[in-house]
Amino acid sequence: MICRIRWKEGGGVNYHTAMEIEFANGKKLRLVQGDITKIRVDAIVNAANSALVGGGGVDGAIHRAGGPGIMRELDAIRTQLGYCPTGSAVATGAGSLPAQYVFHAVGPVYHDGHHGEPAELEGCYRKCLELAEERGVRTISFPAISTGAYGYPGAEAARIATHTVARHLEKPETGVREVLFVLFDGGSYDLHAAIAAADFRNQIK
């Protein structure tokens with residue numbers, strides 16, 4: 001992997017303190033601290049539950065900001081599919097959010113890391129990127145899936161997330177050009193930034 005890491009103080013109106021990893025093909029992975037419901041992208045990823053009925057945290061914030069149309073689409077998906085399995089995701093429109101799509105990803109509840117959690121968490125990111133490619137999405141934002149109420153250790157989750165996304169961005173044929181990890185609080189941002197800096201800096205050629 002050939003990449004360049006830049007620390008960018010400041011940012012946009014709704015985020016700040018961005019760390020940017022630029023790959024040889026010009027694609028970018030960015031870490032920012034901010035509100036995922038206010039940053040304009042083509043697709044926003046929601047940390048959903050398997051019943052697709054809404055909840056707290058990021059899930060609740062996305063539904064509040066996006067309006068009832070998102071839940072109406074999820075109602076139709078539930079009627080057809082019943083639920084969304086852990087490690088997968090479904091797509092809806094974005095309602096009033098500054099995006100075209102919301103991808104509702106169901107992360108694993110953490111037990112001890114030996115019950116398939118790493119593969120399921122990686123599956124969330126891979127599935128969302130697949131949905132993005134299918135829909136011509138060029139910019140996509142992710143929260144820190146499963147690190148809240150589902151209890152996934154932050155450092156392990158951050159490493160899975162950043163490495164899964166980096167592998168996708170390295171592929172020359174992918175249409176996604178920029179991926180944002182939007183971390184709500186400074187502690188989560190600092191953790192992701194430290195892991196990304198250590199892991200990717202060692203791979204610069």
# chains A, B, ... in the order shown; residues from 1 in each chain; ligands from 1
call {"tool": "residues_around", "arguments": {"residues": "Glu170 (chain A)", "least_positions_apart": "3", "cutoff": "12 Å", "atoms": "only C-alpha atoms", "output": "list in words"}}
result
Met1, Ile2, Cys3, Ile21, Glu22, Phe23, Ala24, Asn25, Gly26, Lys27, Lys28, Leu29, His163, Thr164, Val165, Ala166, Arg167, Glu173, Thr174, Gly175, Val176, Arg177 and Glu178 of chain A
call {"tool": "residues_around", "arguments": {"residues": "Gly95 (chain A)", "least_positions_apart": "5", "cutoff": "7 Å", "atoms": "only C-alpha atoms", "output": "count of residues only"}}
result
4
call {"tool": "residues_around", "arguments": {"residues": "Gly151 (chain A)", "least_positions_apart": "2", "cutoff": "12 Å", "atoms": "only C-alpha atoms", "output": "list in words"}}
result
Gly107, Pro108, Val109, Tyr110, His111, Asp112, Gly113, Glu117, Ala144, Ile145, Ser146, Thr147, Gly148, Ala149, Pro153, Gly154, Ala155, Glu156 and Ala157 of chain A
call {"tool": "write_last_selection", "arguments": {"atoms": "N, CA and C atoms", "output": "PDB file, in the first residue's frame"}}
result
ATOM      1  N   GLY A 107     -24.263  -4.114  13.212  1.00  0.00           N
ATOM      2  CA  GLY A 107     -23.012  -4.601  13.790  1.00  0.00           C
ATOM      3  C   GLY A 107     -23.248  -5.656  14.858  1.00  0.00           C
ATOM      4  N   PRO A 108     -22.203  -6.379  15.234  1.00  0.00           N
ATOM      5  CA  PRO A 108     -22.339  -7.431  16.241  1.00  0.00           C
ATOM      6  C   PRO A 108     -22.339  -6.884  17.665  1.00  0.00           C
ATOM      7  N   VAL A 109     -23.061  -7.558  18.533  1.00  0.00           N
ATOM      8  CA  VAL A 109     -22.919  -7.344  19.969  1.00  0.00           C
ATOM      9  C   VAL A 109     -21.640  -8.073  20.398  1.00  0.00           C
ATOM     10  N   TYR A 110     -20.759  -7.378  21.101  1.00  0.00           N
ATOM     11  CA  TYR A 110     -19.472  -7.973  21.471  1.00  0.00           C
ATOM     12  C   TYR A 110     -19.627  -8.878  22.693  1.00  0.00           C
ATOM     13  N   HIS A 111     -19.087 -10.096  22.572  1.00  0.00           N
ATOM     14  CA  HIS A 111     -19.058 -11.024  23.703  1.00  0.00           C
ATOM     15  C   HIS A 111     -17.620 -11.168  24.200  1.00  0.00           C
ATOM     16  N   ASP A 112     -16.801 -11.847  23.429  1.00  0.00           N
ATOM     17  CA  ASP A 112     -15.389 -11.996  23.810  1.00  0.00           C
ATOM     18  C   ASP A 112     -14.470 -11.970  22.598  1.00  0.00           C
ATOM     19  N   GLY A 113     -15.030 -11.708  21.433  1.00  0.00           N
ATOM     20  CA  GLY A 113     -14.229 -11.673  20.217  1.00  0.00           C
ATOM     21  C   GLY A 113     -14.016 -13.021  19.573  1.00  0.00           C
ATOM     22  N   GLU A 117     -17.444 -12.143  15.986  1.00  0.00           N
ATOM     23  CA  GLU A 117     -17.635 -10.697  15.963  1.00  0.00           C
ATOM     24  C   GLU A 117     -16.729  -9.977  14.961  1.00  0.00           C
ATOM     25  N   ALA A 144     -18.643   4.823  14.187  1.00  0.00           N
ATOM     26  CA  ALA A 144     -17.869   3.718  14.762  1.00  0.00           C
ATOM     27  C   ALA A 144     -18.849   2.606  15.136  1.00  0.00           C
ATOM     28  N   ILE A 145     -19.149   1.745  14.176  1.00  0.00           N
ATOM     29  CA  ILE A 145     -20.184   0.718  14.335  1.00  0.00           C
ATOM     30  C   ILE A 145     -19.854  -0.222  15.492  1.00  0.00           C
ATOM     31  N   SER A 146     -20.863  -0.499  16.314  1.00  0.00           N
ATOM     32  CA  SER A 146     -20.825  -1.475  17.419  1.00  0.00           C
ATOM     33  C   SER A 146     -20.033  -1.032  18.644  1.00  0.00           C
ATOM     34  N   THR A 147     -19.457   0.181  18.627  1.00  0.00           N
ATOM     35  CA  THR A 147     -18.619   0.583  19.763  1.00  0.00           C
ATOM     36  C   THR A 147     -19.406   1.243  20.884  1.00  0.00           C
ATOM     37  N   GLY A 148     -20.694   1.483  20.684  1.00  0.00           N
ATOM     38  CA  GLY A 148     -21.509   2.086  21.727  1.00  0.00           C
ATOM     39  C   GLY A 148     -22.140   1.035  22.614  1.00  0.00           C
ATOM     40  N   ALA A 149     -23.473   0.942  22.561  1.00  0.00           N
ATOM     41  CA  ALA A 149     -24.207   0.011  23.413  1.00  0.00           C
ATOM     42  C   ALA A 149     -23.850  -1.440  23.138  1.00  0.00           C
ATOM     43  N   PRO A 153     -14.828  -3.327  21.752  1.00  0.00           N
ATOM     44  CA  PRO A 153     -13.683  -2.514  22.172  1.00  0.00           C
ATOM     45  C   PRO A 153     -13.243  -1.562  21.064  1.00  0.00           C
ATOM     46  N   GLY A 154     -13.057  -0.307  21.430  1.00  0.00           N
ATOM     47  CA  GLY A 154     -12.819   0.728  20.441  1.00  0.00           C
ATOM     48  C   GLY A 154     -11.602   0.499  19.568  1.00  0.00           C
ATOM     49  N   ALA A 155     -10.499   0.080  20.174  1.00  0.00           N
ATOM     50  CA  ALA A 155      -9.270  -0.098  19.401  1.00  0.00           C
ATOM     51  C   ALA A 155      -9.411  -1.216  18.379  1.00  0.00           C
ATOM     52  N   GLU A 156     -10.008  -2.327  18.781  1.00  0.00           N
ATOM     53  CA  GLU A 156     -10.196  -3.457  17.856  1.00  0.00           C
ATOM     54  C   GLU A 156     -11.144  -3.064  16.728  1.00  0.00           C
ATOM     55  N   ALA A 157     -12.222  -2.377  17.085  1.00  0.00           N
ATOM     56  CA  ALA A 157     -13.189  -1.966  16.070  1.00  0.00           C
ATOM     57  C   ALA A 157     -12.574  -0.966  15.092  1.00  0.00           C
TER      58      ALA A 157
END
call {"tool": "residues_around", "arguments": {"residues": "Tyr101 (chain A)", "least_positions_apart": "2", "cutoff": "7 Å", "atoms": "only C-alpha atoms", "output": "PDB file with N, CA and C atoms, in the first residue's frame"}}
result
ATOM      1  N   ASP A  42     -22.558  11.402  -0.267  1.00  0.00           N
ATOM      2  CA  ASP A  42     -23.554  10.694  -1.075  1.00  0.00           C
ATOM      3  C   ASP A  42     -24.339   9.681  -0.248  1.00  0.00           C
ATOM      4  N   ALA A  43     -23.669   9.027   0.708  1.00  0.00           N
ATOM      5  CA  ALA A  43     -24.327   8.004   1.531  1.00  0.00           C
ATOM      6  C   ALA A  43     -23.831   8.079   2.967  1.00  0.00           C
ATOM      7  N   ILE A  44     -24.757   7.981   3.901  1.00  0.00           N
ATOM      8  CA  ILE A  44     -24.460   7.945   5.338  1.00  0.00           C
ATOM      9  C   ILE A  44     -24.740   6.541   5.839  1.00  0.00           C
ATOM     10  N   ALA A  91     -30.363  -0.601   2.296  1.00  0.00           N
ATOM     11  CA  ALA A  91     -30.310   0.779   1.839  1.00  0.00           C
ATOM     12  C   ALA A  91     -31.697   1.408   1.780  1.00  0.00           C
ATOM     13  N   THR A  92     -31.764   2.683   2.170  1.00  0.00           N
ATOM     14  CA  THR A  92     -32.966   3.487   1.994  1.00  0.00           C
ATOM     15  C   THR A  92     -32.549   4.855   1.448  1.00  0.00           C
ATOM     16  N   GLY A  93     -33.542   5.672   1.114  1.00  0.00           N
ATOM     17  CA  GLY A  93     -33.265   7.069   0.847  1.00  0.00           C
ATOM     18  C   GLY A  93     -32.840   7.764   2.121  1.00  0.00           C
ATOM     19  N   ALA A  94     -32.461   9.045   1.996  1.00  0.00           N
ATOM     20  CA  ALA A  94     -31.907   9.757   3.146  1.00  0.00           C
ATOM     21  C   ALA A  94     -32.858  10.810   3.724  1.00  0.00           C
ATOM     22  N   ALA A  99     -27.673  13.865   2.071  1.00  0.00           N
ATOM     23  CA  ALA A  99     -27.156  12.686   1.374  1.00  0.00           C
ATOM     24  C   ALA A  99     -28.252  12.152   0.466  1.00  0.00           C
ATOM     25  N   PHE A 103     -27.346   3.753   4.498  1.00  0.00           N
ATOM     26  CA  PHE A 103     -27.107   2.315   4.571  1.00  0.00           C
ATOM     27  C   PHE A 103     -27.175   1.905   6.036  1.00  0.00           C
TER      28      PHE A 103
END
